[in-house]
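Structure file my_file-v4.cif (mmCIF, C-alpha atoms and all ligand atoms) follows.
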data_structure
loop_
_atom_site.group_PDB
_atom_site.id
_atom_site.type_symbol
_atom_site.label_atom_id
_atom_site.label_comp_id
_atom_site.auth_asym_id
_atom_site.auth_seq_id
_atom_site.Cartn_x
_atom_site.Cartn_y
_atom_site.Cartn_z
ATOM 1 C CA MET A 1 131.521 173.174 116.420
ATOM 2 C CA GLY A 2 132.719 175.996 114.088
ATOM 3 C CA ILE A 3 132.347 175.977 110.324
ATOM 4 C CA LEU A 4 135.622 175.181 108.612
ATOM 5 C CA MET A 5 136.038 176.626 105.108
ATOM 6 C CA LEU A 6 138.555 174.653 103.090
ATOM 7 C CA ARG A 7 140.197 175.782 99.896
ATOM 8 C CA ASN A 8 140.670 173.226 97.164
ATOM 9 C CA ASP A 9 144.343 172.670 97.797
ATOM 10 C CA GLU A 10 143.738 172.304 101.516
ATOM 11 C CA GLU A 11 141.014 169.757 100.845
ATOM 12 C CA LEU A 12 143.606 167.847 98.878
ATOM 13 C CA GLY A 13 146.085 168.159 101.754
ATOM 14 C CA ARG A 14 148.472 170.042 99.506
ATOM 15 C CA ILE A 15 150.611 173.012 100.547
ATOM 16 C CA THR A 16 149.590 175.772 98.128
ATOM 17 C CA SER A 17 152.886 176.914 96.731
ATOM 18 C CA VAL A 18 156.026 176.269 94.782
ATOM 19 C CA CYS A 19 158.858 174.227 96.251
ATOM 20 C CA LEU A 20 162.447 173.913 95.150
ATOM 21 C CA VAL A 21 164.208 170.540 95.191
ATOM 22 C CA PRO A 22 167.854 171.545 94.756
ATOM 23 C CA GLY A 23 170.755 169.173 94.270
ATOM 24 C CA SER A 24 173.788 168.364 92.169
ATOM 25 C CA TYR A 25 171.908 165.549 90.378
ATOM 26 C CA ASP A 26 175.210 164.149 89.114
ATOM 27 C CA PRO A 27 173.451 161.944 88.034
ATOM 28 C CA ILE A 28 169.789 161.849 89.131
ATOM 29 C CA THR A 29 169.014 158.680 91.141
ATOM 30 C CA ARG A 30 165.958 156.583 91.953
ATOM 31 C CA GLY A 31 166.033 158.192 95.401
ATOM 32 C CA HIS A 32 165.818 161.694 93.875
ATOM 33 C CA VAL A 33 162.852 160.631 91.736
ATOM 34 C CA ASP A 34 161.034 159.297 94.808
ATOM 35 C CA ILE A 35 161.592 162.558 96.735
ATOM 36 C CA VAL A 36 160.437 164.687 93.765
ATOM 37 C CA ARG A 37 157.340 162.507 93.309
ATOM 38 C CA ARG A 38 156.421 162.859 96.981
ATOM 39 C CA ALA A 39 157.088 166.624 96.889
ATOM 40 C CA SER A 40 154.728 166.866 93.899
ATOM 41 C CA GLU A 41 151.964 165.352 96.023
ATOM 42 C CA LEU A 42 152.424 168.102 98.623
ATOM 43 C CA PHE A 43 153.139 171.190 96.504
ATOM 44 C CA GLY A 44 151.365 172.683 93.505
ATOM 45 C CA GLU A 45 154.607 173.163 91.588
ATOM 46 C CA VAL A 46 158.007 171.543 92.006
ATOM 47 C CA VAL A 47 161.156 173.105 90.571
ATOM 48 C CA VAL A 48 163.979 170.585 90.405
ATOM 49 C CA ALA A 49 167.024 172.852 90.481
ATOM 50 C CA ILE A 50 170.419 171.606 89.387
ATOM 51 C CA LEU A 51 172.915 173.630 91.394
ATOM 52 C CA ARG A 52 176.653 173.553 91.885
ATOM 53 C CA ASN A 53 177.945 171.995 95.076
ATOM 54 C CA PRO A 54 181.346 173.664 95.522
ATOM 55 C CA ASP A 55 182.431 170.678 97.670
ATOM 56 C CA LYS A 56 182.045 168.228 94.755
ATOM 57 C CA PRO A 57 184.241 168.247 91.625
ATOM 58 C CA GLY A 58 181.423 167.333 89.213
ATOM 59 C CA TRP A 59 181.211 164.387 86.821
ATOM 60 C CA LEU A 60 178.594 165.220 84.159
ATOM 61 C CA GLY A 61 178.177 168.664 82.579
ATOM 62 C CA TRP A 62 175.017 170.728 83.195
ATOM 63 C CA ASP A 63 173.439 169.799 79.891
ATOM 64 C CA LYS A 64 173.765 166.066 80.563
ATOM 65 C CA ARG A 65 172.540 166.312 84.167
ATOM 66 C CA GLU A 66 169.574 168.323 82.947
ATOM 67 C CA ALA A 67 168.765 165.918 80.114
ATOM 68 C CA LEU A 68 168.935 162.927 82.485
ATOM 69 C CA ALA A 69 166.738 164.642 85.099
ATOM 70 C CA LYS A 70 164.203 165.634 82.425
ATOM 71 C CA ALA A 71 164.100 162.074 81.108
ATOM 72 C CA ALA A 72 163.732 160.583 84.599
ATOM 73 C CA LEU A 73 160.953 162.992 85.637
ATOM 74 C CA ASP A 74 159.115 163.095 82.311
ATOM 75 C CA GLY A 75 155.336 163.128 82.757
ATOM 76 C CA MET A 76 155.372 163.919 86.481
ATOM 77 C CA PRO A 77 152.643 166.586 86.923
ATOM 78 C CA GLY A 78 153.720 170.051 88.110
ATOM 79 C CA VAL A 79 157.432 169.205 87.929
ATOM 80 C CA ARG A 80 160.007 171.137 85.913
ATOM 81 C CA VAL A 81 163.795 170.939 85.717
ATOM 82 C CA GLU A 82 166.030 174.032 85.729
ATOM 83 C CA HIS A 83 169.655 174.750 86.342
ATOM 84 C CA PHE A 84 170.959 177.735 88.232
ATOM 85 C CA GLU A 85 174.413 179.091 89.029
ATOM 86 C CA GLY A 86 174.295 180.595 92.524
ATOM 87 C CA LEU A 87 172.894 180.162 96.005
ATOM 88 C CA ALA A 88 169.929 177.888 96.622
ATOM 89 C CA VAL A 89 167.989 180.752 98.253
ATOM 90 C CA ASP A 90 168.550 183.001 95.224
ATOM 91 C CA CYS A 91 167.342 180.165 93.042
ATOM 92 C CA ALA A 92 164.278 179.778 95.293
ATOM 93 C CA ARG A 93 163.542 183.480 94.864
ATOM 94 C CA GLU A 94 164.041 183.300 91.111
ATOM 95 C CA PHE A 95 161.359 180.615 90.854
ATOM 96 C CA GLY A 96 159.019 181.988 93.547
ATOM 97 C CA ALA A 97 159.614 179.187 96.075
ATOM 98 C CA ARG A 98 159.452 179.749 99.867
ATOM 99 C CA VAL A 99 160.242 176.119 100.614
ATOM 100 C CA ILE A 100 163.236 173.921 99.854
ATOM 101 C CA VAL A 101 162.626 170.170 99.961
ATOM 102 C CA ARG A 102 165.520 167.802 100.687
ATOM 103 C CA GLY A 103 165.611 164.049 101.235
ATOM 104 C CA LEU A 104 167.128 162.633 104.426
ATOM 105 C CA ARG A 105 168.720 159.197 104.210
ATOM 106 C CA SER A 106 170.554 158.970 107.514
ATOM 107 C CA ALA A 107 171.581 160.701 110.726
ATOM 108 C CA GLN A 108 174.725 161.767 108.893
ATOM 109 C CA ASP A 109 172.565 163.458 106.250
ATOM 110 C CA TYR A 110 170.660 165.206 109.032
ATOM 111 C CA GLU A 111 173.855 166.722 110.464
ATOM 112 C CA TYR A 112 174.815 168.176 107.097
ATOM 113 C CA GLU A 113 171.295 169.122 106.005
ATOM 114 C CA SER A 114 170.266 170.849 109.240
ATOM 115 C CA ALA A 115 173.340 173.108 109.040
ATOM 116 C CA MET A 116 172.530 173.916 105.404
ATOM 117 C CA ALA A 117 168.855 174.594 106.252
ATOM 118 C CA ARG A 118 169.877 177.002 109.035
ATOM 119 C CA ALA A 119 172.375 178.729 106.731
ATOM 120 C CA ASN A 120 169.629 179.123 104.142
ATOM 121 C CA GLN A 121 167.283 180.583 106.803
ATOM 122 C CA ASP A 122 169.914 183.146 107.772
ATOM 123 C CA VAL A 123 170.879 184.086 104.228
ATOM 124 C CA SER A 124 167.276 184.410 103.020
ATOM 125 C CA GLY A 125 166.077 186.119 106.197
ATOM 126 C CA ALA A 126 168.455 189.023 105.714
ATOM 127 C CA GLY A 127 165.750 191.432 104.604
ATOM 128 C CA ALA A 128 165.033 189.950 101.208
ATOM 129 C CA SER A 129 161.585 189.376 99.739
ATOM 130 C CA PRO A 130 159.581 187.102 99.909
ATOM 131 C CA GLY A 131 161.179 186.239 103.264
ATOM 132 C CA THR A 132 162.858 183.333 104.967
ATOM 133 C CA VAL A 133 163.250 180.229 102.865
ATOM 134 C CA GLU A 134 162.368 177.218 104.988
ATOM 135 C CA THR A 135 163.470 173.627 104.427
ATOM 136 C CA VAL A 136 161.179 170.613 104.588
ATOM 137 C CA PHE A 137 162.806 167.200 104.937
ATOM 138 C CA LEU A 138 161.313 164.049 103.468
ATOM 139 C CA VAL A 139 162.672 160.829 104.928
ATOM 140 C CA ALA A 140 164.066 158.594 102.193
ATOM 141 C CA GLU A 141 162.306 155.353 101.478
ATOM 142 C CA ALA A 142 164.208 152.518 103.197
ATOM 143 C CA SER A 143 164.902 150.537 100.022
ATOM 144 C CA LEU A 144 166.572 153.585 98.427
ATOM 145 C CA ALA A 145 168.344 155.083 101.439
ATOM 146 C CA HIS A 146 171.734 153.483 100.781
ATOM 147 C CA TRP A 147 172.005 154.731 97.197
ATOM 148 C CA SER A 148 173.478 158.047 96.085
ATOM 149 C CA SER A 149 174.816 159.823 93.011
ATOM 150 C CA SER A 150 178.316 159.017 94.207
ATOM 151 C CA ALA A 151 177.426 155.291 94.233
ATOM 152 C CA ALA A 152 176.140 155.712 90.647
ATOM 153 C CA ARG A 153 179.459 157.297 89.655
ATOM 154 C CA GLN A 154 181.378 154.414 91.208
ATOM 155 C CA LEU A 155 179.220 151.790 89.460
ATOM 156 C CA ALA A 156 179.726 153.685 86.191
ATOM 157 C CA ALA A 157 183.498 153.791 86.673
ATOM 158 C CA PHE A 158 183.822 150.053 87.263
ATOM 159 C CA GLY A 159 181.058 148.590 85.091
ATOM 160 C CA GLY A 160 178.598 147.793 87.915
ATOM 161 C CA PRO A 161 174.800 147.447 87.643
ATOM 162 C CA LEU A 162 173.832 151.098 87.174
ATOM 163 C CA GLU A 163 170.156 150.173 86.956
ATOM 164 C CA LEU A 164 170.117 149.698 90.723
ATOM 165 C CA VAL A 165 170.621 153.448 91.202
ATOM 166 C CA VAL A 166 169.748 155.226 87.961
ATOM 167 C CA PRO A 167 166.021 155.542 87.081
ATOM 168 C CA ASP A 168 164.867 153.354 84.165
ATOM 169 C CA LYS A 169 163.861 156.384 82.072
ATOM 170 C CA ALA A 170 167.368 157.905 82.313
ATOM 171 C CA LEU A 171 169.398 154.714 82.023
ATOM 172 C CA GLU A 172 169.518 154.494 78.234
ATOM 173 C CA LEU A 173 170.658 158.105 77.921
ATOM 174 C CA LEU A 174 173.395 157.720 80.537
ATOM 175 C CA THR A 175 174.556 154.474 78.920
ATOM 176 C CA ARG A 176 174.765 156.321 75.610
ATOM 177 C CA TYR A 177 176.814 159.165 77.119
ATOM 178 C CA MET A 178 179.198 156.583 78.556
ATOM 179 C CA ALA A 179 179.467 154.646 75.274
ATOM 180 C CA ASP A 180 180.180 157.883 73.358
ATOM 181 C CA THR A 181 182.946 158.624 75.810
ATOM 182 C CA ARG A 182 184.471 155.168 75.457
ATOM 183 C CA ARG A 183 184.453 155.561 71.659
ATOM 184 C CA SER A 184 186.201 158.902 71.748
ATOM 185 C CA ALA A 185 189.981 158.842 71.711
ATOM 186 C CA GLY A 186 192.464 159.645 74.429
ATOM 187 C CA GLY A 187 190.649 158.553 77.597
ATOM 188 C CA ARG A 188 188.236 161.469 77.640
ATOM 189 C CA ASP A 189 185.743 161.861 80.428
ATOM 190 C CA VAL A 190 181.994 161.365 80.106
ATOM 191 C CA ASN A 191 181.645 165.013 79.027
ATOM 192 C CA GLY A 192 183.984 164.460 76.105
ATOM 193 C CA ASN A 193 186.585 166.771 77.655
HETATM 194 O O1 LIG B 201 173.047 166.898 95.753
HETATM 195 P P1 LIG B 201 173.875 167.682 96.728
HETATM 196 O O2 LIG B 201 175.306 167.784 96.262
HETATM 197 O O3 LIG B 201 173.766 167.181 98.137
HETATM 198 O O4 LIG B 201 173.247 169.165 96.704
HETATM 199 C C1 LIG B 201 173.833 170.207 97.455
HETATM 200 C C2 LIG B 201 173.377 171.563 96.920
HETATM 201 C C3 LIG B 201 173.739 171.715 95.439
HETATM 202 C C4 LIG B 201 171.883 171.718 97.107
HETATM 203 C C5 LIG B 201 174.117 172.648 97.779
HETATM 204 O O5 LIG B 201 175.507 172.489 97.668
HETATM 205 C C6 LIG B 201 173.737 174.069 97.368
HETATM 206 O O6 LIG B 201 172.700 174.553 97.784
HETATM 207 N N1 LIG B 201 174.610 174.705 96.549
HETATM 208 C C7 LIG B 201 174.435 176.100 96.159
HETATM 209 C C8 LIG B 201 175.199 177.008 97.159
HETATM 210 C C9 LIG B 201 174.376 177.226 98.410
HETATM 211 O O7 LIG B 201 173.337 177.847 98.375
HETATM 212 N N2 LIG B 201 174.829 176.671 99.560
HETATM 213 C C10 LIG B 201 174.101 176.695 100.813
HETATM 214 C C11 LIG B 201 174.311 177.975 101.596
HETATM 215 S S1 LIG B 201 175.761 177.946 102.569
#
For this file, produce the structure as structure tokens.
Ligand code: PNS
Amino acid sequence: MGILMLRNDEELGRITSVCLVPGSYDPITRGHVDIVRRASELFGEVVVAILRNPDKPGWLGWDKREALAKAALDGMPGVRVEHFEGLAVDCAREFGARVIVRGLRSAQDYEYESAMARANQDVSGAGASPGTVETVFLVAEASLAHWSSSAARQLAAFGGPLELVVPDKALELLTRYMADTRRSAGGRDVNGN
């Protein structure tokens, strides 16, 4: 039997690098928090990157999404929240990440996510350093798999129980943003626009 030398991170079963957990986070959900927590057990550093999804119109502004994500993830070791205007692979490069982590809730998610992962391989593999950005999928916890940011937006629009979807630590802040909006005149949106 050979002698196996293990580095500290390997002994811990952790992949020694930075990962990016990109998303619209509009708003952050309990499901997002669970994926970020699990990513933080695998990677030394987790960058939660708030990016623009050109297919979605957007509900909250960047500053509010960022504040909610920071509140929800407060105290989670090795986790930071950033926002970035551009491609996910450029964001990965900016923060030194070779790996993108995404949650998978369903077969439908897989269809969409596998195409995006392949696109990101192609775009990042086109000669740029540090090389191809790979995607790792974490399967969503069953009790959270039916919730999404879009469900949160619908509950917010019609006065439903937001606490089912929005993490406890972010709930008060989101409720305040919504109350401020209601107080402001002329049917403004949650961004005060
Ligand atoms: O939370 P979402 O909306 O599912 O997140 C999707 C997101 C923001 C990660 C995705 O739209 C994205 O990566 N946007 C930046 C543009 C990009 O890099 N697209 C993929 C290459 S085609």
**Request:** Kindly give the distance, in Å, that separates CA of Leu87 in chain A and atom C6 of ligand LIG 201 (chain B), rounded to a single decimal.
**Result:** 6.3 Å
**Request:** Please identify the residues whose atoms come within 7 Å of ligand LIG 201 (chain B), using all atoms listed in the file, and report them as a list in words.
**Result:**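 Checking all atoms listed in the file against ligand LIG 201 (chain B) at 7 Å gives Pro22, Gly23, Ser24, Tyr25, Ile50, Leu51, Arg52, Asn53, Pro54, Lys56, Gly86, Leu87, Ala88, Val89, Met116, Ala119 and Asn120 of chain A.
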**Request:** Mind giving me the straight-line distance from CA of His146 in chain A to CA of Arg30 in chain A in Å, one decimal?
**Result:**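 So the two atoms, CA of His146 in chain A and CA of Arg30 in chain A, lie 11.0 Å apart.
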**Asked** Quick one, how far is CA of Arg105 in chain A from CA of Arg118 in chain A?
**Response** 18.5 Å
**Message:** Excluding Ala49 in chain A and its own-chain neighbours fewer than 3 positions away, which residues fall within 6 Å of it when counting only C-alpha atoms? Please give them as number ranges by chain.
**Reply:** A: 21-22, 82-83
**Request:** Find the residues near His32 in chain A: any atom within 9 Å, counting all atoms listed in the file, skip ones fewer than 3 places away on the same chain, and give them as a ChimeraX atom specification.
**Result:** /A:23,25,28-29,35-37,103,148
**Asked** If you count only C-alpha atoms, which residues fall within 12 Å of Thr132 in chain A, apart from same-chain ones fewer than 3 positions away, as number ranges by chain?
**Response** A: 89-90, 92-93, 97-100, 117-129, 135
Using the selection just defined, write its residues with C-alpha atoms as a PDB file, in the frame of the given file.
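Done, and the output landed in result-v1.pdb:
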ATOM      1  CA  VAL A  89     167.989 180.752  98.253  1.00  0.00           C
ATOM      2  CA  ASP A  90     168.550 183.001  95.224  1.00  0.00           C
ATOM      3  CA  ALA A  92     164.278 179.778  95.293  1.00  0.00           C
ATOM      4  CA  ARG A  93     163.542 183.480  94.864  1.00  0.00           C
ATOM      5  CA  ALA A  97     159.614 179.187  96.075  1.00  0.00           C
ATOM      6  CA  ARG A  98     159.452 179.749  99.867  1.00  0.00           C
ATOM      7  CA  VAL A  99     160.242 176.119 100.614  1.00  0.00           C
ATOM      8  CA  ILE A 100     163.236 173.921  99.854  1.00  0.00           C
ATOM      9  CA  ALA A 117     168.855 174.594 106.252  1.00  0.00           C
ATOM     10  CA  ARG A 118     169.877 177.002 109.035  1.00  0.00           C
ATOM     11  CA  ALA A 119     172.375 178.729 106.731  1.00  0.00           C
ATOM     12  CA  ASN A 120     169.629 179.123 104.142  1.00  0.00           C
ATOM     13  CA  GLN A 121     167.283 180.583 106.803  1.00  0.00           C
ATOM     14  CA  ASP A 122     169.914 183.146 107.772  1.00  0.00           C
ATOM     15  CA  VAL A 123     170.879 184.086 104.228  1.00  0.00           C
ATOM     16  CA  SER A 124     167.276 184.410 103.020  1.00  0.00           C
ATOM     17  CA  GLY A 125     166.077 186.119 106.197  1.00  0.00           C
ATOM     18  CA  ALA A 126     168.455 189.023 105.714  1.00  0.00           C
ATOM     19  CA  GLY A 127     165.750 191.432 104.604  1.00  0.00           C
ATOM     20  CA  ALA A 128     165.033 189.950 101.208  1.00  0.00           C
ATOM     21  CA  SER A 129     161.585 189.376  99.739  1.00  0.00           C
ATOM     22  CA  THR A 135     163.470 173.627 104.427  1.00  0.00           C
TER      23      THR A 135
END
**Request:** Give as an NGL selection string the residues that the PyMOL selection byres (((chain A and resi 64) around 12) and not hetatm) matches when applied to the coordinates above.
**Result:** :A and (24-28 or 50 or 58-63 or 65-71 or 83 or 170 or 173-178 or 190-192)
Put the listed atoms of range 53-68 of chain A in a box along x, y and z with 8 Å added on every side and give me the centre and edge lengths in Å to one decimal, as lines of an AutoDock Vina configuration file.
center_x = 176.5
center_y = 168.3
center_z = 88.8
size_x = 31.5
size_y = 26.7
size_z = 33.8
**Request:** Considering only C-alpha atoms, state which residue in the set A:Glu85, A:Glu45, A:Asp55, A:Asp180 is at the smallest distance from Val101 in chain A.
**Result:** A:Glu45
